[in-house]
Amino acid sequence: MERDVAGSFRVSSAAGRWILLTTVLGSAMALLDSTVVNVALPHIGLDLNADLAVLQWTVNAYMLTLAGLILLGGALGDRFGRRRVFVIGVVWFAVASLLCGLAPNAGVLIASRALQGIGGALLTPGSLALIQATFHPDDRGRAVGLWSGFGGVGAAIGPFVGGWLVDGPGWRWVFFLNVPLAAVCVPVALRHVPESRDPRAHGRFDVLGAALGALALASVTYALIAAPGAGLSSAVIIPAVVGLLLGIAFVYVERARRDPMLPPDIFASRQFTAVNAVTLCVYAAFSGFFFLSVLQLQVVLGYSALAAGTALLPTTVLMLLLSARSGELGRRIGPRIPLTVGPLLCAAGMLLMTRAGVGAVYWRDVLPALLVLGLGMVTLVAPLTATVLASVEVERAGLASGINNAAARAAGLVAVAALPLLAGMGPEAYRSADRFAATFGRAMPICAGVLVLGAVVAWCTVRADVLEAAPAVPSGAPSPEGGGAVEAAEAPRKAGAGAGSGRGRG
């Protein structure tokens with residue numbers, strides 16, 4: 001039953017705590033799944049006798065449907081009810097997770113991961129939207145802070161849980177884990193969370209735009225992943241050309257529609273366009289780094305899944321501890337310097353990671369790289385998100401956040417597909433420590449170069465005063481109280497490790 005109680009709940013009330021529980025559980029499904037899948041990749045490859053392309057598709061099939069449909073998912077929630085679409089997304093995600101865990105071969109696993117992405121596109125916009133719609137305005141900042149804080153904890157424990165599952169009962173339990181979480185989340189949501197809609201939501205859904213965008217990404221991704229094995233054959237050239245044509249058609253459709261999924265006029269803001277260009281560079285590099293680094297630690301350094309996941313924790317810990325201060329610094333000095341210095345620090349960290357070859361010692365060769373990378377992430381991620389939201393009108397903050405989330409995931413999708421090709425990483429490279437170490441050494445400078453490009457774009461295009469008139473708590477956006485933890489949870493999600501919380505409309 002729908003209750004007219006929007007915006008009336010308090011965090012301290014029993015009802016408010018139930019709402020927080022269900023949004024945290026729903027978000028945790030996507031976050032835990034994301035932070036542990038990369039850790040499981042070498043075991044998936046060995047168990048299914050799969051080559052590197054299968055591992056790329058295991059990551060990218062999820063990101064493809066998520067990036068292509070997340071804005072549409074937000075629009076469906078606004079129109080048909082945020083709780084309803086959230087619950088459907090949770091159930092869909094859990095069923096797809098079960099199919100992933102039961103997958104008898106690589107084809108079924110990849111298809112099930114794509115289904116997971118559809119569930120994620122329904123689930124992720126609703127998590128934060130439910131908080132925005134149900135809590136009293138005076139309590140929204142605290143509610144978002146609690147939600148994001150638990151998300152940051154989830155990001156921190158994910159590698160432990162994933163490594164333990166992979167090394168213990170097996171990689172399939174990485175996916176089975178989502179089923180009991182959904183079994184708790186759905187009844188709580190149906191019983192304790194009020195339904196809410198956006199009374200302004202109207203018009204037709206931009207299904208054509210969503211389909212064209214997803215198919216364009218899929219075609220380009222297929223061409224990039226197939227290229228190392230097929231070369232410049234028709235199996236690569238045809239999907240690449242089709243993807244380009246579909247991309248052109250997507251732009252044309254979005255310009256022509258009255259209610260587009262991606263309104264072209266939002267890019268009339270020079271700052272919004274610039275900061276999304278920086279986002280593309282930053283999250284392409286992050287996604288490529290985390291995809292290959294987990295493989296490097298296991299294939300080359302001989303780490304177990306648990307050890308590999310744990311080894312990367314310093315970046316998350318630094319984000320949790322320092323992101324709030326970084327966000328405040330960005331407001332005080334402006335985002336231009338953090339968005340320039342941050343990518344340069346990250347680039348330095350990735351170059352240092354080239355020392356993590358055969359015989360490397362963690363404390364000497366891996367940890368310094370991760371600390372420098374983590375400091376770079378701390379410096380840039382919070383100001384990046386704040387600048388996205390400050391670049392548009394308050395009423396469009398939810399749409400801006402959704403577009404930025406989609407851009408980050410699209411960048412990660414292309415990076416995971418393209419980086420092995422650019423580094424000369426063959427289909428069987430991850431089966432040999434020496435071969436993988438050599439190609440990893442070529443991949444890290446590529447990631448660093450993309451980050452340097454992002455730093456140059458930021459320095460040349462981002463204004464230092466863009467945050468001065470920014471609202472403290474934009475509609476549908478993280479608040480200062482919870483901003484640090486939001487960024488700590490969002491960075492790994494956007495980097496291709498899972499789903500984020502952007503909202504959007506169609």
# chains A, B, ... in the order shown; residues from 1 in each chain; ligands from 1

call {"tool": "residues_around", "arguments": {"residues": "A:Pro42", "least_positions_apart": "6", "cutoff": "10 Å", "atoms": "only C-alpha atoms", "output": "PDB file with N, CA and C atoms, in the first residue's frame"}}
result
ATOM      1  N   ALA A  50      39.161 -21.040 -19.447  1.00  0.00           N
ATOM      2  CA  ALA A  50      38.836 -19.875 -20.257  1.00  0.00           C
ATOM      3  C   ALA A  50      40.073 -19.031 -20.524  1.00  0.00           C
ATOM      4  N   ASP A  51      40.054 -18.326 -21.651  1.00  0.00           N
ATOM      5  CA  ASP A  51      41.165 -17.430 -21.964  1.00  0.00           C
ATOM      6  C   ASP A  51      40.889 -16.028 -21.402  1.00  0.00           C
ATOM      7  N   LEU A  52      41.810 -15.108 -21.679  1.00  0.00           N
ATOM      8  CA  LEU A  52      41.700 -13.759 -21.120  1.00  0.00           C
ATOM      9  C   LEU A  52      40.433 -13.050 -21.590  1.00  0.00           C
ATOM     10  N   LEU A  55      37.628 -13.630 -19.253  1.00  0.00           N
ATOM     11  CA  LEU A  55      37.761 -12.853 -18.019  1.00  0.00           C
ATOM     12  C   LEU A  55      37.356 -11.399 -18.271  1.00  0.00           C
ATOM     13  N   TRP A 171      34.871 -20.007  -6.110  1.00  0.00           N
ATOM     14  CA  TRP A 171      34.478 -18.727  -6.707  1.00  0.00           C
ATOM     15  C   TRP A 171      32.976 -18.600  -6.900  1.00  0.00           C
ATOM     16  N   VAL A 294      44.915  -7.213  -9.864  1.00  0.00           N
ATOM     17  CA  VAL A 294      44.524  -8.426  -9.140  1.00  0.00           C
ATOM     18  C   VAL A 294      45.088  -9.659  -9.841  1.00  0.00           C
ATOM     19  N   LEU A 295      45.074  -9.659 -11.164  1.00  0.00           N
ATOM     20  CA  LEU A 295      45.681 -10.762 -11.910  1.00  0.00           C
ATOM     21  C   LEU A 295      47.196 -10.784 -11.700  1.00  0.00           C
ATOM     22  N   GLN A 296      47.825  -9.631 -11.720  1.00  0.00           N
ATOM     23  CA  GLN A 296      49.267  -9.555 -11.519  1.00  0.00           C
ATOM     24  C   GLN A 296      49.671 -10.142 -10.169  1.00  0.00           C
ATOM     25  N   GLN A 298      48.169 -12.343  -8.365  1.00  0.00           N
ATOM     26  CA  GLN A 298      47.960 -13.785  -8.258  1.00  0.00           C
ATOM     27  C   GLN A 298      48.805 -14.568  -9.260  1.00  0.00           C
ATOM     28  N   VAL A 299      48.851 -14.096 -10.499  1.00  0.00           N
ATOM     29  CA  VAL A 299      49.554 -14.848 -11.550  1.00  0.00           C
ATOM     30  C   VAL A 299      51.064 -14.703 -11.419  1.00  0.00           C
ATOM     31  N   ALA A 305      43.880 -15.701  -3.477  1.00  0.00           N
ATOM     32  CA  ALA A 305      42.816 -14.720  -3.723  1.00  0.00           C
ATOM     33  C   ALA A 305      42.645 -13.793  -2.525  1.00  0.00           C
ATOM     34  N   TYR A 430      47.602 -14.706 -19.209  1.00  0.00           N
ATOM     35  CA  TYR A 430      47.490 -14.801 -17.752  1.00  0.00           C
ATOM     36  C   TYR A 430      47.866 -16.187 -17.225  1.00  0.00           C
ATOM     37  N   ARG A 431      48.142 -17.125 -18.112  1.00  0.00           N
ATOM     38  CA  ARG A 431      48.578 -18.455 -17.673  1.00  0.00           C
ATOM     39  C   ARG A 431      50.093 -18.535 -17.467  1.00  0.00           C
TER      40      ARG A 431
END

call {"tool": "residues_around", "arguments": {"residues": "A:Val372", "least_positions_apart": "3", "cutoff": "8 Å", "atoms": "only C-alpha atoms", "output": "NGL selection string"}}
result
:A and (345-346 or 348-349 or 368-369 or 375-376)

call {"tool": "residues_around", "arguments": {"residues": "A:Leu72", "least_positions_apart": "2", "cutoff": "9 Å", "atoms": "only C-alpha atoms", "output": "PyMOL selection string"}}
result
chain A and resi 68-70+74-77+121-122+205-207+210+261+504-506

call {"tool": "closest_residue", "arguments": {"among": "A:Val54, A:Ala143, A:Ala268, A:Leu64", "to": "A:Phe9", "atoms": "only C-alpha atoms"}}
result
A:Ala143

call {"tool": "residues_around", "arguments": {"residues": "A:Ala406", "least_positions_apart": "4", "cutoff": "8 Å", "atoms": "only C-alpha atoms", "output": "ChimeraX atom specification"}}
result
/A:66-68,70-71,402,410

call {"tool": "write_last_selection", "arguments": {"atoms": "N, CA, C and O atoms", "output": "PDB file, in the first residue's frame"}}
result
ATOM      1  N   LEU A  66      24.793  -2.346 -17.251  1.00  0.00           N
ATOM      2  CA  LEU A  66      24.627  -1.348 -16.198  1.00  0.00           C
ATOM      3  C   LEU A  66      24.806   0.063 -16.749  1.00  0.00           C
ATOM      4  O   LEU A  66      23.971   0.943 -16.530  1.00  0.00           O
ATOM      5  N   ALA A  67      25.902   0.284 -17.484  1.00  0.00           N
ATOM      6  CA  ALA A  67      26.168   1.617 -18.025  1.00  0.00           C
ATOM      7  C   ALA A  67      25.094   2.038 -19.021  1.00  0.00           C
ATOM      8  O   ALA A  67      24.685   3.198 -19.055  1.00  0.00           O
ATOM      9  N   GLY A  68      24.614   1.082 -19.823  1.00  0.00           N
ATOM     10  CA  GLY A  68      23.648   1.417 -20.843  1.00  0.00           C
ATOM     11  C   GLY A  68      22.253   1.681 -20.318  1.00  0.00           C
ATOM     12  O   GLY A  68      21.475   2.402 -20.960  1.00  0.00           O
ATOM     13  N   ILE A  70      21.384   2.402 -16.732  1.00  0.00           N
ATOM     14  CA  ILE A  70      21.239   2.972 -15.396  1.00  0.00           C
ATOM     15  C   ILE A  70      20.367   4.233 -15.401  1.00  0.00           C
ATOM     16  O   ILE A  70      19.565   4.452 -14.485  1.00  0.00           O
ATOM     17  N   LEU A  71      20.476   5.052 -16.450  1.00  0.00           N
ATOM     18  CA  LEU A  71      19.627   6.248 -16.520  1.00  0.00           C
ATOM     19  C   LEU A  71      18.163   5.858 -16.729  1.00  0.00           C
ATOM     20  O   LEU A  71      17.257   6.463 -16.143  1.00  0.00           O
ATOM     21  N   GLY A 402      23.691  10.725 -12.393  1.00  0.00           N
ATOM     22  CA  GLY A 402      23.473   9.520 -13.179  1.00  0.00           C
ATOM     23  C   GLY A 402      24.335   9.497 -14.428  1.00  0.00           C
ATOM     24  O   GLY A 402      24.925   8.464 -14.772  1.00  0.00           O
ATOM     25  N   ALA A 410      31.140   3.413 -18.498  1.00  0.00           N
ATOM     26  CA  ALA A 410      31.456   3.250 -19.915  1.00  0.00           C
ATOM     27  C   ALA A 410      32.965   3.345 -20.140  1.00  0.00           C
ATOM     28  O   ALA A 410      33.539   2.585 -20.935  1.00  0.00           O
TER      29      ALA A 410
END

call {"tool": "closest_residue", "arguments": {"among": "A:Ala28, A:Arg255, A:Thr439, A:Thr340", "to": "A:Pro427", "atoms": "only C-alpha atoms"}}
result
A:Thr439

call {"tool": "residues_around", "arguments": {"residues": "stretch 419-424 of chain A", "least_positions_apart": "2", "cutoff": "8 Å", "atoms": "only C-alpha atoms", "output": "MDAnalysis selection string"}}
result
chainID A and resid 224:225 227:228 288 415:417 426 439:440 442:443 446

call {"tool": "select_by_dssp", "arguments": {"residues": "stretch 11-228 of chain A", "states": "alpha helix (DSSP H)", "output": "PyMOL selection string"}}
result
chain A and resi 14-47+52-80+82-102+106-134+137-167+173-176+178-192+207-228

call {"tool": "residues_around", "arguments": {"residues": "A:Asn404", "least_positions_apart": "6", "cutoff": "10 Å", "atoms": "only C-alpha atoms", "output": "list in words"}}
result
Phe272, Thr273, Val275, Asn276, Ala277, Thr279, Leu280, Leu384, Thr385, Val388, Leu389, Gly398, Ala410, Lys494, Gly502 and Arg503 of chain A
